[in-house]
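*Asks:* Sharing run.txt, compact mmCIF, N, CA and C atoms:
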# COMPACT_ATOMS: atom_id res chain seq x y z
N MET A 1 0.85 -1.19 0.00
CA MET A 1 0.00 0.00 0.00
C MET A 1 0.88 1.24 0.00
N ALA A 2 0.54 2.20 -0.83
CA ALA A 2 1.27 3.46 -0.89
C ALA A 2 1.03 4.28 0.36
N LEU A 3 1.96 5.16 0.66
CA LEU A 3 1.80 6.04 1.80
C LEU A 3 0.71 7.08 1.53
N PRO A 4 0.00 7.50 2.57
CA PRO A 4 -1.00 8.57 2.39
C PRO A 4 -0.32 9.86 1.95
N THR A 5 -1.04 10.69 1.23
CA THR A 5 -0.51 11.97 0.78
C THR A 5 -1.29 13.12 1.42
N PHE A 6 -0.62 14.22 1.62
CA PHE A 6 -1.22 15.42 2.18
C PHE A 6 -2.08 16.09 1.12
N VAL A 7 -3.33 16.43 1.47
CA VAL A 7 -4.24 17.10 0.55
C VAL A 7 -4.27 18.60 0.83
N ALA A 8 -4.58 18.98 2.06
CA ALA A 8 -4.71 20.40 2.42
C ALA A 8 -4.80 20.52 3.94
N GLY A 9 -4.69 21.73 4.43
CA GLY A 9 -4.81 22.00 5.86
C GLY A 9 -5.58 23.28 6.10
N ALA A 10 -6.05 23.44 7.32
CA ALA A 10 -6.75 24.65 7.73
C ALA A 10 -6.46 24.87 9.22
N SER A 11 -6.44 26.11 9.65
CA SER A 11 -6.15 26.39 11.06
C SER A 11 -6.99 27.55 11.57
N ALA A 12 -7.04 27.67 12.89
CA ALA A 12 -7.76 28.76 13.54
C ALA A 12 -7.18 28.94 14.93
N GLY A 13 -7.42 30.09 15.51
CA GLY A 13 -6.98 30.37 16.87
C GLY A 13 -7.87 31.40 17.51
N SER A 14 -7.90 31.41 18.84
CA SER A 14 -8.72 32.37 19.57
C SER A 14 -8.18 32.55 20.97
N ALA A 15 -8.24 33.76 21.46
CA ALA A 15 -7.83 34.03 22.83
C ALA A 15 -9.02 34.31 23.73
N THR A 16 -10.23 34.37 23.16
CA THR A 16 -11.39 34.76 23.97
C THR A 16 -12.61 33.87 23.84
N ALA A 17 -12.88 33.31 22.68
CA ALA A 17 -14.12 32.55 22.47
C ALA A 17 -14.11 31.22 23.21
N ALA A 18 -15.29 30.71 23.55
CA ALA A 18 -15.40 29.42 24.23
C ALA A 18 -15.28 28.27 23.24
N ASP A 19 -15.51 28.54 21.96
CA ASP A 19 -15.43 27.52 20.92
C ASP A 19 -14.33 27.88 19.93
N LEU A 20 -13.81 26.86 19.26
CA LEU A 20 -12.84 27.07 18.19
C LEU A 20 -13.38 26.36 16.96
N THR A 21 -13.63 27.12 15.90
CA THR A 21 -14.17 26.57 14.67
C THR A 21 -13.08 26.57 13.61
N ILE A 22 -12.85 25.39 13.01
CA ILE A 22 -11.84 25.24 11.97
C ILE A 22 -12.55 24.79 10.70
N THR A 23 -12.26 25.46 9.60
CA THR A 23 -12.84 25.13 8.31
C THR A 23 -12.33 23.78 7.81
N LYS A 24 -13.20 23.02 7.19
CA LYS A 24 -12.80 21.76 6.56
C LYS A 24 -11.76 22.09 5.49
N PRO A 25 -10.62 21.38 5.48
CA PRO A 25 -9.60 21.67 4.46
C PRO A 25 -10.15 21.50 3.03
N THR A 26 -9.77 22.41 2.16
CA THR A 26 -10.19 22.41 0.76
C THR A 26 -9.80 21.10 0.09
N GLY A 27 -10.71 20.53 -0.67
CA GLY A 27 -10.41 19.32 -1.41
C GLY A 27 -10.67 18.03 -0.67
N THR A 28 -11.13 18.12 0.59
CA THR A 28 -11.42 16.90 1.37
C THR A 28 -12.55 16.14 0.67
N ALA A 29 -12.33 14.83 0.47
CA ALA A 29 -13.30 13.98 -0.22
C ALA A 29 -13.62 12.76 0.64
N ALA A 30 -14.66 12.03 0.25
CA ALA A 30 -15.06 10.81 0.97
C ALA A 30 -13.86 9.87 1.09
N ASP A 31 -13.72 9.26 2.27
CA ASP A 31 -12.65 8.32 2.64
C ASP A 31 -11.31 8.98 2.94
N ASP A 32 -11.18 10.31 2.76
CA ASP A 32 -9.97 10.98 3.23
C ASP A 32 -9.98 10.94 4.75
N VAL A 33 -8.80 10.95 5.36
CA VAL A 33 -8.70 10.97 6.81
C VAL A 33 -8.23 12.36 7.22
N MET A 34 -8.96 12.96 8.16
CA MET A 34 -8.57 14.26 8.70
C MET A 34 -7.96 14.07 10.08
N LEU A 35 -6.88 14.75 10.32
CA LEU A 35 -6.19 14.72 11.60
C LEU A 35 -6.25 16.12 12.18
N ALA A 36 -6.78 16.26 13.39
CA ALA A 36 -6.90 17.56 14.04
C ALA A 36 -6.01 17.60 15.27
N CYS A 37 -5.22 18.66 15.41
CA CYS A 37 -4.38 18.88 16.58
C CYS A 37 -4.86 20.17 17.24
N LEU A 38 -5.29 20.07 18.50
CA LEU A 38 -5.79 21.21 19.25
C LEU A 38 -4.86 21.46 20.42
N TYR A 39 -4.44 22.71 20.59
CA TYR A 39 -3.46 23.06 21.61
C TYR A 39 -4.02 24.20 22.44
N ARG A 40 -3.87 24.12 23.76
CA ARG A 40 -4.42 25.18 24.61
C ARG A 40 -3.59 25.40 25.85
N GLU A 41 -3.80 26.56 26.44
CA GLU A 41 -3.06 26.97 27.63
C GLU A 41 -3.83 26.55 28.88
N SER A 42 -3.93 25.26 29.10
CA SER A 42 -4.49 24.69 30.31
C SER A 42 -4.65 23.20 30.07
N THR A 43 -4.97 22.48 31.11
CA THR A 43 -5.25 21.06 30.95
C THR A 43 -6.75 20.80 31.11
N ALA A 44 -7.54 21.85 30.90
CA ALA A 44 -9.00 21.74 31.03
C ALA A 44 -9.59 20.87 29.92
N ALA A 45 -10.82 20.45 30.13
CA ALA A 45 -11.51 19.56 29.20
C ALA A 45 -11.78 20.22 27.85
N ILE A 46 -11.95 19.37 26.85
CA ILE A 46 -12.28 19.80 25.50
C ILE A 46 -13.37 18.85 24.97
N THR A 47 -14.32 19.39 24.23
CA THR A 47 -15.37 18.57 23.64
C THR A 47 -15.23 18.64 22.13
N PRO A 48 -14.96 17.49 21.47
CA PRO A 48 -14.79 17.51 20.02
C PRO A 48 -16.13 17.52 19.29
N PRO A 49 -16.11 17.83 18.00
CA PRO A 49 -17.34 17.72 17.21
C PRO A 49 -17.76 16.25 17.11
N THR A 50 -19.01 16.02 16.82
CA THR A 50 -19.54 14.66 16.67
C THR A 50 -18.76 13.90 15.61
N GLY A 51 -18.40 12.66 15.93
CA GLY A 51 -17.72 11.79 14.97
C GLY A 51 -16.22 11.75 15.07
N TRP A 52 -15.61 12.76 15.70
CA TRP A 52 -14.15 12.79 15.82
C TRP A 52 -13.71 11.86 16.95
N THR A 53 -12.65 11.09 16.72
CA THR A 53 -12.13 10.12 17.68
C THR A 53 -10.78 10.59 18.19
N GLN A 54 -10.60 10.58 19.51
CA GLN A 54 -9.34 11.02 20.08
C GLN A 54 -8.27 9.96 19.87
N VAL A 55 -7.09 10.40 19.39
CA VAL A 55 -5.93 9.53 19.22
C VAL A 55 -5.11 9.52 20.49
N THR A 56 -4.80 10.72 20.99
CA THR A 56 -3.98 10.83 22.20
C THR A 56 -4.06 12.25 22.75
N THR A 57 -3.52 12.43 23.95
CA THR A 57 -3.41 13.72 24.61
C THR A 57 -2.00 13.87 25.16
N PHE A 58 -1.42 15.05 25.00
CA PHE A 58 -0.11 15.35 25.56
C PHE A 58 -0.26 16.50 26.55
N ASP A 59 0.31 16.37 27.74
CA ASP A 59 0.37 17.46 28.70
C ASP A 59 1.80 17.95 28.78
N GLN A 60 1.95 19.28 28.95
CA GLN A 60 3.27 19.88 29.04
C GLN A 60 3.24 20.94 30.13
N ASP A 61 4.20 20.87 31.05
CA ASP A 61 4.34 21.87 32.10
C ASP A 61 5.68 22.55 31.88
N THR A 62 5.64 23.84 31.58
CA THR A 62 6.88 24.57 31.29
C THR A 62 7.36 25.37 32.49
N GLY A 63 6.95 24.98 33.68
CA GLY A 63 7.39 25.69 34.87
C GLY A 63 6.54 26.92 35.12
N GLY A 64 5.27 26.75 35.32
CA GLY A 64 4.38 27.87 35.56
C GLY A 64 3.21 27.89 34.61
N PHE A 65 3.41 27.39 33.41
CA PHE A 65 2.33 27.31 32.43
C PHE A 65 2.06 25.85 32.10
N LYS A 66 0.80 25.51 32.04
CA LYS A 66 0.42 24.15 31.66
C LYS A 66 -0.28 24.21 30.31
N TYR A 67 0.11 23.31 29.43
CA TYR A 67 -0.45 23.23 28.09
C TYR A 67 -0.93 21.81 27.83
N ARG A 68 -1.90 21.68 26.95
CA ARG A 68 -2.39 20.35 26.57
C ARG A 68 -2.63 20.35 25.06
N MET A 69 -2.22 19.25 24.43
CA MET A 69 -2.51 19.03 23.02
C MET A 69 -3.35 17.77 22.91
N ASN A 70 -4.46 17.88 22.21
CA ASN A 70 -5.30 16.72 21.91
C ASN A 70 -5.22 16.47 20.42
N ILE A 71 -5.16 15.21 20.04
CA ILE A 71 -5.13 14.84 18.63
C ILE A 71 -6.34 13.94 18.35
N TYR A 72 -7.09 14.28 17.30
CA TYR A 72 -8.30 13.56 16.90
C TYR A 72 -8.23 13.20 15.43
N TRP A 73 -9.02 12.22 15.03
CA TRP A 73 -9.13 11.89 13.61
C TRP A 73 -10.59 11.67 13.23
N LEU A 74 -10.84 11.83 11.92
CA LEU A 74 -12.17 11.58 11.37
C LEU A 74 -12.01 11.15 9.92
N ARG A 75 -12.68 10.08 9.53
CA ARG A 75 -12.72 9.68 8.12
C ARG A 75 -13.88 10.41 7.48
N ALA A 76 -13.59 11.14 6.41
CA ALA A 76 -14.62 11.94 5.76
C ALA A 76 -15.66 11.05 5.11
N GLY A 77 -16.91 11.45 5.28
CA GLY A 77 -18.01 10.77 4.61
C GLY A 77 -18.33 11.50 3.31
N GLY A 78 -19.41 11.13 2.70
CA GLY A 78 -19.81 11.75 1.44
C GLY A 78 -20.36 13.16 1.60
N SER A 79 -20.72 13.55 2.83
CA SER A 79 -21.35 14.85 3.06
C SER A 79 -20.85 15.43 4.38
N GLU A 80 -19.69 16.06 4.35
CA GLU A 80 -19.12 16.66 5.55
C GLU A 80 -19.52 18.12 5.66
N PRO A 81 -19.62 18.64 6.91
CA PRO A 81 -19.94 20.07 7.07
C PRO A 81 -18.79 20.95 6.57
N ALA A 82 -19.05 22.22 6.42
CA ALA A 82 -18.04 23.17 5.95
C ALA A 82 -16.99 23.46 7.01
N ASN A 83 -17.32 23.23 8.29
CA ASN A 83 -16.36 23.47 9.36
C ASN A 83 -16.69 22.58 10.56
N TYR A 84 -15.75 22.55 11.52
CA TYR A 84 -15.88 21.74 12.73
C TYR A 84 -15.60 22.62 13.94
N THR A 85 -16.40 22.44 15.00
CA THR A 85 -16.26 23.28 16.20
C THR A 85 -15.95 22.44 17.43
N TRP A 86 -14.86 22.80 18.12
CA TRP A 86 -14.49 22.20 19.39
C TRP A 86 -14.87 23.17 20.49
N THR A 87 -15.34 22.66 21.63
CA THR A 87 -15.72 23.49 22.77
C THR A 87 -14.68 23.33 23.86
N PHE A 88 -14.23 24.46 24.41
CA PHE A 88 -13.18 24.48 25.42
C PHE A 88 -13.70 25.09 26.72
N THR A 89 -13.05 24.74 27.83
CA THR A 89 -13.35 25.39 29.10
C THR A 89 -12.21 26.34 29.48
N SER A 90 -11.23 26.48 28.60
CA SER A 90 -10.13 27.42 28.82
C SER A 90 -10.25 28.53 27.78
N THR A 91 -9.37 29.52 27.82
CA THR A 91 -9.51 30.64 26.90
C THR A 91 -8.56 30.51 25.70
N TRP A 92 -7.27 30.61 25.89
CA TRP A 92 -6.35 30.64 24.76
C TRP A 92 -6.25 29.27 24.10
N ARG A 93 -6.48 29.20 22.77
CA ARG A 93 -6.39 27.93 22.08
C ARG A 93 -6.09 28.14 20.60
N THR A 94 -5.55 27.08 19.97
CA THR A 94 -5.27 27.08 18.54
C THR A 94 -5.45 25.67 18.02
N GLY A 95 -5.70 25.53 16.75
CA GLY A 95 -5.89 24.20 16.20
C GLY A 95 -5.66 24.16 14.71
N VAL A 96 -5.42 22.97 14.22
CA VAL A 96 -5.20 22.74 12.80
C VAL A 96 -5.85 21.42 12.41
N ILE A 97 -6.38 21.35 11.21
CA ILE A 97 -6.86 20.11 10.63
C ILE A 97 -6.07 19.88 9.35
N MET A 98 -5.55 18.68 9.16
CA MET A 98 -4.92 18.34 7.89
C MET A 98 -5.62 17.12 7.31
N THR A 99 -5.79 17.13 6.00
CA THR A 99 -6.45 16.03 5.31
C THR A 99 -5.40 15.17 4.60
N LEU A 100 -5.54 13.85 4.78
CA LEU A 100 -4.64 12.89 4.16
C LEU A 100 -5.46 11.98 3.25
N ARG A 101 -4.92 11.69 2.09
CA ARG A 101 -5.60 10.81 1.13
C ARG A 101 -4.76 9.55 0.95
N GLY A 102 -5.46 8.42 0.84
CA GLY A 102 -4.76 7.15 0.63
C GLY A 102 -4.49 6.38 1.90
N ALA A 103 -5.09 6.82 3.02
CA ALA A 103 -4.96 6.08 4.28
C ALA A 103 -5.94 4.91 4.26
N GLU A 104 -5.90 4.10 5.28
CA GLU A 104 -6.85 2.99 5.40
C GLU A 104 -8.27 3.51 5.22
N THR A 105 -9.09 2.77 4.50
CA THR A 105 -10.47 3.21 4.26
C THR A 105 -11.47 2.56 5.21
N SER A 106 -10.99 1.75 6.14
CA SER A 106 -11.88 1.18 7.16
C SER A 106 -11.07 0.98 8.44
N GLY A 107 -11.77 0.97 9.56
CA GLY A 107 -11.10 0.80 10.84
C GLY A 107 -10.31 2.02 11.26
N ASP A 108 -9.54 1.89 12.32
CA ASP A 108 -8.73 2.96 12.88
C ASP A 108 -7.42 3.08 12.10
N PRO A 109 -7.15 4.23 11.47
CA PRO A 109 -5.93 4.36 10.68
C PRO A 109 -4.67 4.60 11.51
N TRP A 110 -4.80 4.81 12.83
CA TRP A 110 -3.64 5.15 13.65
C TRP A 110 -3.21 3.92 14.43
N ASP A 111 -2.04 3.39 14.11
CA ASP A 111 -1.53 2.25 14.85
C ASP A 111 -0.35 2.59 15.72
N THR A 112 0.07 3.86 15.68
CA THR A 112 1.17 4.29 16.54
C THR A 112 1.08 5.80 16.72
N PHE A 113 1.59 6.29 17.85
CA PHE A 113 1.65 7.72 18.10
C PHE A 113 2.65 7.98 19.21
N LEU A 114 3.08 9.22 19.34
CA LEU A 114 4.00 9.61 20.40
C LEU A 114 3.33 9.49 21.75
N SER A 115 4.12 9.28 22.78
CA SER A 115 3.53 9.16 24.12
C SER A 115 3.94 10.31 25.03
N ALA A 116 4.79 11.21 24.57
CA ALA A 116 5.21 12.33 25.42
C ALA A 116 5.78 13.44 24.54
N ILE A 117 5.73 14.67 25.05
CA ILE A 117 6.40 15.77 24.39
C ILE A 117 7.37 16.38 25.38
N GLN A 118 8.35 17.08 24.85
CA GLN A 118 9.40 17.64 25.68
C GLN A 118 9.36 19.16 25.55
N ALA A 119 9.45 19.85 26.67
CA ALA A 119 9.45 21.31 26.66
C ALA A 119 10.67 21.81 25.90
N GLN A 120 10.55 22.95 25.22
CA GLN A 120 11.65 23.50 24.44
C GLN A 120 12.88 23.79 25.29
N ASN A 121 12.66 24.14 26.54
CA ASN A 121 13.80 24.52 27.36
C ASN A 121 14.43 23.32 28.07
N ASP A 122 13.91 22.11 27.86
CA ASP A 122 14.53 20.93 28.47
C ASP A 122 15.77 20.54 27.68
N ALA A 123 16.83 20.23 28.41
CA ALA A 123 18.05 19.75 27.77
C ALA A 123 17.86 18.28 27.39
N PRO A 124 18.42 17.86 26.25
CA PRO A 124 18.29 16.45 25.89
C PRO A 124 19.04 15.57 26.88
N THR A 125 18.57 14.36 27.04
CA THR A 125 19.20 13.41 27.95
C THR A 125 20.04 12.45 27.12
N VAL A 126 21.29 12.30 27.52
CA VAL A 126 22.19 11.40 26.81
C VAL A 126 22.66 10.35 27.80
N GLY A 127 22.61 9.09 27.39
CA GLY A 127 23.09 8.01 28.25
C GLY A 127 24.60 8.02 28.35
N SER A 128 25.12 7.24 29.27
CA SER A 128 26.58 7.20 29.45
C SER A 128 27.24 6.42 28.32
N ILE A 129 28.48 6.75 28.05
CA ILE A 129 29.26 6.07 27.03
C ILE A 129 30.32 5.24 27.73
N THR A 130 30.39 3.98 27.36
CA THR A 130 31.42 3.13 28.02
C THR A 130 32.44 2.64 27.03
Output the file's structure in the form of structure tokens.
*Replies:*
Amino acid sequence: MALPTFVAGASAGSATAADLTITKPTGTAADDVMLACLYRESTAAITPPTGWTQVTTFDQDTGGFKYRMNIYWLRAGGSEPANYTWTFTSTWRTGVIMTLRGAETSGDPWDTFLSAIQAQNDAPTVGSIT
């Protein structure tokens, strides 16, 4: 099977609204897989649009600020809305949706994902050399 290809992306951000609405990426067609990454300044709850499945969540503490990234996916049907709205209980947030074509057309297309993120100011850890 060939690797999936990138079709298009869309993004949005808000510092005040309770909801974040992201436009469906241009060119999204039936059986395309959309991947949404939502990032916010808190670890508060998030409610995805109907049909979106959570892949994973990453928490990050940068020493005073807490951030959370949620990743969701959705396989496009024949009649998708023009945009998708996530509901937040925090204020500052941003998000992106990217559409991939050629992914699995049935079942869960995600068989692996990262389990942690590292703060930018963390020094890399190197094991000992013998």
*Asks:* Just checking: using all atoms listed in the file, which residue out of A:Thr21, A:Asp31, A:Ala2, A:Thr57 ends up closest to Gly78 in chain A?
*Replies:*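 Checking each of A:Thr21, A:Asp31, A:Ala2, A:Thr57 against Gly78 in chain A, counting all atoms listed in the file, the winner is A:Asp31.
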*Asks:* Phe6 in chain A: which residues within 8 Å, counting only C-alpha atoms, same-chain residues fewer than 3 positions away excluded, as a short mmCIF file (atom, residue, chain, number, x, y, z; two decimals) with N, CA and C atoms, in the frame of the given file?
*Replies:*
data_model
loop_
_atom_site.label_atom_id
_atom_site.label_comp_id
_atom_site.auth_asym_id
_atom_site.auth_seq_id
_atom_site.Cartn_x
_atom_site.Cartn_y
_atom_site.Cartn_z
N MET A 98 -5.55 18.68 9.16
CA MET A 98 -4.92 18.34 7.89
C MET A 98 -5.62 17.12 7.31
N THR A 99 -5.79 17.13 6.00
CA THR A 99 -6.45 16.03 5.31
C THR A 99 -5.40 15.17 4.60
N LEU A 100 -5.54 13.85 4.78
CA LEU A 100 -4.64 12.89 4.16
C LEU A 100 -5.46 11.98 3.25
N ARG A 101 -4.92 11.69 2.09
CA ARG A 101 -5.60 10.81 1.13
C ARG A 101 -4.76 9.55 0.95
#
*Asks:* Neighbouring residues of Ala44 in chain A were defined as those with any atom within 8 Å, considering all atoms listed in the file; residues of the same chain fewer than 3 positions away were excluded. Please report them as a PyMOL selection string.
*Replies:* chain A and resi 40-41+47+66-68+88-90
*Asks:* Taking 5 positions as the minimum chain separation for residues in the same chain, which residues sit within 6 Å of Val96 in chain A when counting all atoms listed in the file? Answer as a VMD selection string.
*Replies:* chain A and resid 10 to 12 35 to 38
*Asks:* Name the residues in contact with Ala76 in chain A at a cut-off of 8 Å, using all atoms listed in the file, excluding same-chain residues fewer than 2 positions from it; report them as a ChimeraX atom specification.
*Replies:* /A:28-34,73-74,78-80
*Asks:* Could you please determine the separation between atom N of Asn70 in chain A and CA of Ile46 in chain A in Å, to one decimal place?
*Replies:*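 About the pair atom N of Asn70 in chain A and CA of Ile46 in chain A: they are 8.7 Å apart.
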*Asks:* So which residues of chain A fall under strand (DSSP E or B) by DSSP, listed as a count of residues only?
*Replies:* 59
*Asks:* Around all the atoms of range 52-70 of chain A listed in the file, draw an axis-aligned box and extend it by 8 Å on each of the six sides; I want its centre and edge lengths in Å to one decimal, as lines of an AutoDock Vina configuration file.
*Replies:*
center_x = -4.1
center_y = 18.7
center_z = 25.6
size_x = 39.0
size_y = 34.4
size_z = 35.9
*Asks:* How many Å lie between atom C of Thr43 in chain A and CA of Trp92 in chain A, rounded to one decimal?
*Replies:* 11.7 Å
